[in-house]
>>> print(open('work25.pdb').read())   # PDB, C-alpha atoms, pLDDT in the B column
ATOM      1  CA  MET A   1      14.812 -47.602  16.190  1.00 77.00           C
ATOM      2  CA  SER A   2      12.400 -49.776  14.369  1.00 85.00           C
ATOM      3  CA  PRO A   3      11.339 -49.266  10.776  1.00 84.00           C
ATOM      4  CA  HIS A   4       7.848 -48.423  12.038  1.00 80.00           C
ATOM      5  CA  ASP A   5       9.212 -45.526  14.148  1.00 84.00           C
ATOM      6  CA  ILE A   6      11.175 -44.191  11.199  1.00 85.00           C
ATOM      7  CA  GLU A   7       8.097 -44.429   9.021  1.00 88.00           C
ATOM      8  CA  GLN A   8       6.031 -42.528  11.593  1.00 89.00           C
ATOM      9  CA  ARG A   9       8.632 -39.756  11.809  1.00 89.00           C
ATOM     10  CA  LEU A  10       8.779 -39.434   8.018  1.00 90.00           C
ATOM     11  CA  ILE A  11       4.992 -39.276   7.819  1.00 92.00           C
ATOM     12  CA  GLY A  12       4.963 -36.554  10.514  1.00 91.00           C
ATOM     13  CA  ALA A  13       7.637 -34.540   8.718  1.00 92.00           C
ATOM     14  CA  ALA A  14       5.834 -34.873   5.389  1.00 94.00           C
ATOM     15  CA  TYR A  15       2.563 -33.814   7.007  1.00 94.00           C
ATOM     16  CA  ALA A  16       4.228 -30.738   8.564  1.00 95.00           C
ATOM     17  CA  TYR A  17       5.850 -29.796   5.247  1.00 96.00           C
ATOM     18  CA  LEU A  18       2.597 -30.254   3.344  1.00 96.00           C
ATOM     19  CA  SER A  19       0.674 -28.211   5.915  1.00 96.00           C
ATOM     20  CA  PHE A  20       3.193 -25.383   5.664  1.00 96.00           C
ATOM     21  CA  ALA A  21       3.093 -25.426   1.853  1.00 97.00           C
ATOM     22  CA  VAL A  22      -0.714 -25.360   1.786  1.00 97.00           C
ATOM     23  CA  LEU A  23      -0.815 -22.528   4.331  1.00 97.00           C
ATOM     24  CA  THR A  24       1.728 -20.513   2.329  1.00 97.00           C
ATOM     25  CA  VAL A  25      -0.256 -20.908  -0.883  1.00 97.00           C
ATOM     26  CA  ALA A  26      -3.513 -20.019   0.911  1.00 97.00           C
ATOM     27  CA  VAL A  27      -2.031 -16.828   2.363  1.00 97.00           C
ATOM     28  CA  PHE A  28      -0.643 -15.827  -1.042  1.00 97.00           C
ATOM     29  CA  ILE A  29      -4.020 -16.409  -2.720  1.00 97.00           C
ATOM     30  CA  ALA A  30      -5.824 -14.469   0.034  1.00 97.00           C
ATOM     31  CA  ALA A  31      -3.453 -11.505  -0.371  1.00 97.00           C
ATOM     32  CA  LEU A  32      -3.912 -11.567  -4.147  1.00 96.00           C
ATOM     33  CA  VAL A  33      -7.702 -11.673  -3.826  1.00 96.00           C
ATOM     34  CA  CYS A  34      -7.670  -8.771  -1.342  1.00 94.00           C
ATOM     35  CA  HIS A  35      -5.510  -6.725  -3.702  1.00 92.00           C
ATOM     36  CA  VAL A  36      -7.754  -7.398  -6.698  1.00 91.00           C
ATOM     37  CA  VAL A  37     -10.967  -6.686  -4.780  1.00 90.00           C
ATOM     38  CA  GLY A  38      -9.506  -3.498  -3.292  1.00 85.00           C
ATOM     39  CA  SER A  39      -8.406  -2.257  -6.715  1.00 83.00           C
ATOM     40  CA  TRP A  40     -11.786  -3.070  -8.211  1.00 84.00           C
ATOM     41  CA  CYS A  41     -13.650  -1.256  -5.425  1.00 80.00           C
ATOM     42  CA  ALA A  42     -11.352   1.767  -5.670  1.00 74.00           C
ATOM     43  CA  ARG A  43     -11.840   1.982  -9.424  1.00 73.00           C
ATOM     44  CA  ARG A  44     -15.588   1.488  -9.108  1.00 74.00           C
ATOM     45  CA  ASN A  45     -15.932   4.253  -6.509  1.00 71.00           C
ATOM     46  CA  GLU A  46     -13.378   6.523  -8.191  1.00 70.00           C
ATOM     47  CA  VAL A  47     -11.123   6.433  -5.150  1.00 65.00           C
ATOM     48  CA  GLY A  48      -7.403   6.109  -5.339  1.00 65.00           C
ATOM     49  CA  PRO A  49      -4.155   8.009  -5.131  1.00 68.00           C
ATOM     50  CA  ASP A  50      -4.915  10.247  -8.120  1.00 72.00           C
ATOM     51  CA  ARG A  51      -8.328  11.177  -6.807  1.00 75.00           C
ATOM     52  CA  LEU A  52      -6.896  11.788  -3.343  1.00 78.00           C
ATOM     53  CA  TRP A  53      -4.203  14.141  -4.654  1.00 83.00           C
ATOM     54  CA  GLU A  54      -6.787  16.040  -6.686  1.00 85.00           C
ATOM     55  CA  GLU A  55      -8.844  16.593  -3.531  1.00 86.00           C
ATOM     56  CA  VAL A  56      -5.767  17.625  -1.536  1.00 88.00           C
ATOM     57  CA  ASP A  57      -4.703  20.088  -4.252  1.00 90.00           C
ATOM     58  CA  ALA A  58      -8.203  21.595  -4.393  1.00 92.00           C
ATOM     59  CA  HIS A  59      -8.318  21.978  -0.615  1.00 93.00           C
ATOM     60  CA  LEU A  60      -4.864  23.571  -0.466  1.00 91.00           C
ATOM     61  CA  ALA A  61      -5.795  25.972  -3.252  1.00 92.00           C
ATOM     62  CA  GLU A  62      -8.832  27.067  -1.210  1.00 93.00           C
ATOM     63  CA  VAL A  63      -6.737  27.513   1.938  1.00 92.00           C
ATOM     64  CA  ILE A  64      -4.058  29.499   0.107  1.00 91.00           C
ATOM     65  CA  ALA A  65      -6.663  31.682  -1.622  1.00 91.00           C
ATOM     66  CA  ALA A  66      -8.281  32.478   1.736  1.00 92.00           C
ATOM     67  CA  ASP A  67      -5.035  33.695   3.375  1.00 90.00           C
ATOM     68  CA  PRO A  68      -3.089  36.443   1.551  1.00 90.00           C
ATOM     69  CA  GLN A  69      -0.106  36.203   3.926  1.00 92.00           C
ATOM     70  CA  LEU A  70       0.227  32.499   3.252  1.00 90.00           C
ATOM     71  CA  SER A  71      -0.036  33.095  -0.478  1.00 90.00           C
ATOM     72  CA  ALA A  72       2.678  35.788  -0.396  1.00 91.00           C
ATOM     73  CA  GLY A  73       4.963  33.623   1.738  1.00 91.00           C
ATOM     74  CA  LEU A  74       4.571  30.632  -0.563  1.00 89.00           C
ATOM     75  CA  ASP A  75       5.274  32.816  -3.602  1.00 90.00           C
ATOM     76  CA  ARG A  76       8.503  34.100  -1.972  1.00 90.00           C
ATOM     77  CA  LEU A  77       9.522  30.553  -1.091  1.00 90.00           C
ATOM     78  CA  LEU A  78       8.851  29.347  -4.637  1.00 88.00           C
ATOM     79  CA  ASN A  79      10.875  32.216  -6.098  1.00 89.00           C
ATOM     80  CA  ASN A  80      13.794  31.476  -3.746  1.00 86.00           C
ATOM     81  CA  VAL A  81      13.720  27.800  -4.649  1.00 87.00           C
ATOM     82  CA  ARG A  82      13.683  28.592  -8.366  1.00 87.00           C
ATOM     83  CA  LYS A  83      16.689  30.887  -7.937  1.00 84.00           C
ATOM     84  CA  GLY A  84      18.490  28.342  -5.785  1.00 78.00           C
ATOM     85  CA  ASP A  85      18.683  30.714  -2.822  1.00 65.00           C
ATOM     86  CA  GLN A  86      18.335  29.573   0.740  1.00 60.00           C
ATOM     87  CA  PRO A  87      15.311  31.038   2.558  1.00 52.00           C
TER      88      PRO A  87
END
>>> encode(input="work25.pdb", output="structure tokens")
Amino acid sequence: MSPHDIEQRLIGAAYAYLSFAVLTVAVFIAALVCHVVGSWCARRNEVGPDRLWEEVDAHLAEVIAADPQLSAGLDRLLNNVRKGDQP
């Protein structure tokens, strides 16, 4: 193997390593930017996990208030859980 062949193989390996490193950094930066932009948009539009749970709680309260049987059953279940009894 001539020195020129060895040099060409080293250049190819260095190029592959450099390409992989640049791609890894680019993917990391893209993920970070997406996270920051998503958080900013969620905060700006008042959307997020807290807001979602507030909406879910409000909806469930409406559903429970509309059905007396469901309300009574949930009250019994809550009382049994507080006592430690099995339903």
>>> atom_distance(input="work25.pdb", atom1="CA of Leu74 in chain A", atom2="CA of Glu62 in chain A")
13.9 Å
>>> atom_distance(input="work25.pdb", atom1="CA of Thr24 in chain A", atom2="CA of Asp5 in chain A")
28.7 Å
>>> atom_distance(input="work25.pdb", atom1="CA of Ala14 in chain A", atom2="CA of Phe28 in chain A")
21.1 Å
